Amino acid sequence: MRDLASPAAERSGAVKKWGIAMHAAVAAAFIFLLQRFTLNASLETSLLWALTFAVCAAWLAYKQANR
């Protein structure tokens, strides 16, 4: 039986955190580029939508990682 404090368990936690962060960053970049250059939105609007999507993407990734 594996010990929960083993290095493999610690790496798994780090991978989850980086995965969640990457998911949020990719979602933010995608929606920013979509809003700014495809839909010709203002910079402020694009940044606000990017932040909103990043938070939602991080929440969804967190929920999936902890299933």
# chains A, B, ... in the order shown; residues from 1 in each chain; ligands from 1

call {"tool": "select_by_dssp", "arguments": {"residues": "chain A", "states": "helix (DSSP H, G or I)", "output": "short mmCIF file (atom, residue, chain, number, x, y, z; two decimals) with N, CA and C atoms, in the first residue's frame"}}
result
data_model
loop_
_atom_site.label_atom_id
_atom_site.label_comp_id
_atom_site.auth_asym_id
_atom_site.auth_seq_id
_atom_site.Cartn_x
_atom_site.Cartn_y
_atom_site.Cartn_z
N PRO A 7 6.69 10.70 -2.57
CA PRO A 7 7.00 11.68 -3.63
C PRO A 7 6.05 11.57 -4.83
N ALA A 8 5.59 10.37 -5.13
CA ALA A 8 4.66 10.22 -6.25
C ALA A 8 3.34 10.95 -5.98
N ALA A 9 2.87 10.89 -4.75
CA ALA A 9 1.63 11.59 -4.39
C ALA A 9 1.84 13.10 -4.44
N GLU A 10 3.02 13.56 -4.01
CA GLU A 10 3.31 15.00 -4.07
C GLU A 10 3.39 15.48 -5.51
N ARG A 11 4.00 14.68 -6.39
CA ARG A 11 4.07 15.04 -7.81
C ARG A 11 2.69 15.10 -8.43
N SER A 12 1.83 14.18 -8.02
CA SER A 12 0.48 14.17 -8.55
C SER A 12 -0.26 15.46 -8.20
N GLY A 13 -0.07 15.95 -6.99
CA GLY A 13 -0.68 17.21 -6.58
C GLY A 13 -0.15 18.38 -7.37
N ALA A 14 1.15 18.37 -7.64
CA ALA A 14 1.75 19.45 -8.42
C ALA A 14 1.25 19.42 -9.85
N VAL A 15 1.10 18.22 -10.40
CA VAL A 15 0.60 18.09 -11.77
C VAL A 15 -0.83 18.60 -11.85
N LYS A 16 -1.64 18.31 -10.84
CA LYS A 16 -3.02 18.82 -10.82
C LYS A 16 -3.04 20.34 -10.80
N LYS A 17 -2.19 20.93 -9.97
CA LYS A 17 -2.16 22.40 -9.87
C LYS A 17 -1.73 23.02 -11.19
N TRP A 18 -0.69 22.46 -11.81
CA TRP A 18 -0.23 22.99 -13.10
C TRP A 18 -1.27 22.75 -14.18
N GLY A 19 -1.95 21.62 -14.13
CA GLY A 19 -3.00 21.35 -15.11
C GLY A 19 -4.15 22.33 -15.01
N ILE A 20 -4.53 22.64 -13.79
CA ILE A 20 -5.60 23.61 -13.57
C ILE A 20 -5.17 25.00 -14.06
N ALA A 21 -3.95 25.38 -13.74
CA ALA A 21 -3.43 26.68 -14.16
C ALA A 21 -3.33 26.77 -15.68
N MET A 22 -2.87 25.71 -16.30
CA MET A 22 -2.75 25.71 -17.76
C MET A 22 -4.13 25.77 -18.42
N HIS A 23 -5.08 25.06 -17.87
CA HIS A 23 -6.45 25.08 -18.40
C HIS A 23 -7.01 26.50 -18.34
N ALA A 24 -6.81 27.17 -17.22
CA ALA A 24 -7.29 28.54 -17.07
C ALA A 24 -6.57 29.49 -18.02
N ALA A 25 -5.27 29.32 -18.17
CA ALA A 25 -4.49 30.21 -19.04
C ALA A 25 -4.87 30.05 -20.51
N VAL A 26 -5.07 28.82 -20.93
CA VAL A 26 -5.45 28.57 -22.33
C VAL A 26 -6.85 29.12 -22.60
N ALA A 27 -7.77 28.92 -21.66
CA ALA A 27 -9.12 29.46 -21.84
C ALA A 27 -9.10 30.98 -21.91
N ALA A 28 -8.32 31.61 -21.04
CA ALA A 28 -8.23 33.07 -21.04
C ALA A 28 -7.63 33.58 -22.34
N ALA A 29 -6.56 32.95 -22.79
CA ALA A 29 -5.92 33.38 -24.04
C ALA A 29 -6.87 33.22 -25.22
N PHE A 30 -7.56 32.09 -25.27
CA PHE A 30 -8.48 31.84 -26.37
C PHE A 30 -9.59 32.89 -26.41
N ILE A 31 -10.23 33.13 -25.28
CA ILE A 31 -11.36 34.07 -25.30
C ILE A 31 -10.88 35.50 -25.52
N PHE A 32 -9.67 35.84 -25.02
CA PHE A 32 -9.13 37.18 -25.27
C PHE A 32 -8.90 37.39 -26.76
N LEU A 33 -8.25 36.44 -27.40
CA LEU A 33 -7.97 36.57 -28.83
C LEU A 33 -9.25 36.58 -29.65
N LEU A 34 -10.21 35.75 -29.26
CA LEU A 34 -11.49 35.72 -29.97
C LEU A 34 -12.20 37.07 -29.86
N GLN A 35 -12.29 37.58 -28.63
CA GLN A 35 -12.98 38.85 -28.41
C GLN A 35 -12.25 40.01 -29.09
N ARG A 36 -10.96 40.07 -28.90
CA ARG A 36 -10.19 41.24 -29.34
C ARG A 36 -10.06 41.32 -30.85
N PHE A 37 -9.73 40.20 -31.48
CA PHE A 37 -9.40 40.27 -32.90
C PHE A 37 -10.50 39.76 -33.83
N THR A 38 -11.30 38.83 -33.37
CA THR A 38 -12.38 38.33 -34.23
C THR A 38 -13.64 39.16 -34.07
N LEU A 43 -10.33 46.62 -25.48
CA LEU A 43 -9.34 45.94 -24.65
C LEU A 43 -9.93 45.60 -23.28
N GLU A 44 -10.65 46.53 -22.69
CA GLU A 44 -11.23 46.31 -21.37
C GLU A 44 -12.24 45.16 -21.38
N THR A 45 -13.08 45.14 -22.40
CA THR A 45 -14.07 44.07 -22.51
C THR A 45 -13.40 42.73 -22.73
N SER A 46 -12.39 42.71 -23.57
CA SER A 46 -11.67 41.46 -23.84
C SER A 46 -11.00 40.94 -22.58
N LEU A 47 -10.38 41.82 -21.81
CA LEU A 47 -9.73 41.40 -20.57
C LEU A 47 -10.74 40.91 -19.53
N LEU A 48 -11.88 41.58 -19.46
CA LEU A 48 -12.91 41.15 -18.51
C LEU A 48 -13.44 39.77 -18.86
N TRP A 49 -13.72 39.53 -20.13
CA TRP A 49 -14.18 38.21 -20.55
C TRP A 49 -13.10 37.15 -20.35
N ALA A 50 -11.84 37.51 -20.61
CA ALA A 50 -10.74 36.56 -20.40
C ALA A 50 -10.63 36.17 -18.94
N LEU A 51 -10.75 37.13 -18.05
CA LEU A 51 -10.71 36.84 -16.62
C LEU A 51 -11.88 35.96 -16.20
N THR A 52 -13.06 36.26 -16.71
CA THR A 52 -14.24 35.47 -16.39
C THR A 52 -14.09 34.02 -16.85
N PHE A 53 -13.63 33.85 -18.08
CA PHE A 53 -13.45 32.50 -18.61
C PHE A 53 -12.33 31.76 -17.89
N ALA A 54 -11.28 32.46 -17.48
CA ALA A 54 -10.19 31.83 -16.76
C ALA A 54 -10.67 31.29 -15.41
N VAL A 55 -11.47 32.07 -14.71
CA VAL A 55 -12.00 31.63 -13.42
C VAL A 55 -12.91 30.42 -13.61
N CYS A 56 -13.79 30.47 -14.60
CA CYS A 56 -14.69 29.35 -14.86
C CYS A 56 -13.92 28.10 -15.28
N ALA A 57 -12.91 28.25 -16.12
CA ALA A 57 -12.12 27.11 -16.56
C ALA A 57 -11.34 26.51 -15.40
N ALA A 58 -10.80 27.34 -14.53
CA ALA A 58 -10.07 26.83 -13.36
C ALA A 58 -11.01 26.07 -12.44
N TRP A 59 -12.21 26.59 -12.24
CA TRP A 59 -13.18 25.91 -11.39
C TRP A 59 -13.57 24.55 -11.98
N LEU A 60 -13.82 24.51 -13.28
CA LEU A 60 -14.17 23.24 -13.92
C LEU A 60 -13.01 22.23 -13.87
N ALA A 61 -11.80 22.69 -14.09
CA ALA A 61 -10.65 21.79 -14.03
C ALA A 61 -10.44 21.28 -12.62
N TYR A 62 -10.65 22.15 -11.64
CA TYR A 62 -10.51 21.75 -10.23
C TYR A 62 -11.54 20.67 -9.88
N LYS A 63 -12.78 20.89 -10.31
CA LYS A 63 -13.84 19.92 -10.02
C LYS A 63 -13.54 18.57 -10.69
N GLN A 64 -13.03 18.60 -11.92
CA GLN A 64 -12.70 17.36 -12.62
C GLN A 64 -11.51 16.65 -11.98
N ALA A 65 -10.54 17.41 -11.53
CA ALA A 65 -9.32 16.82 -10.94
C ALA A 65 -9.61 16.15 -9.61
#
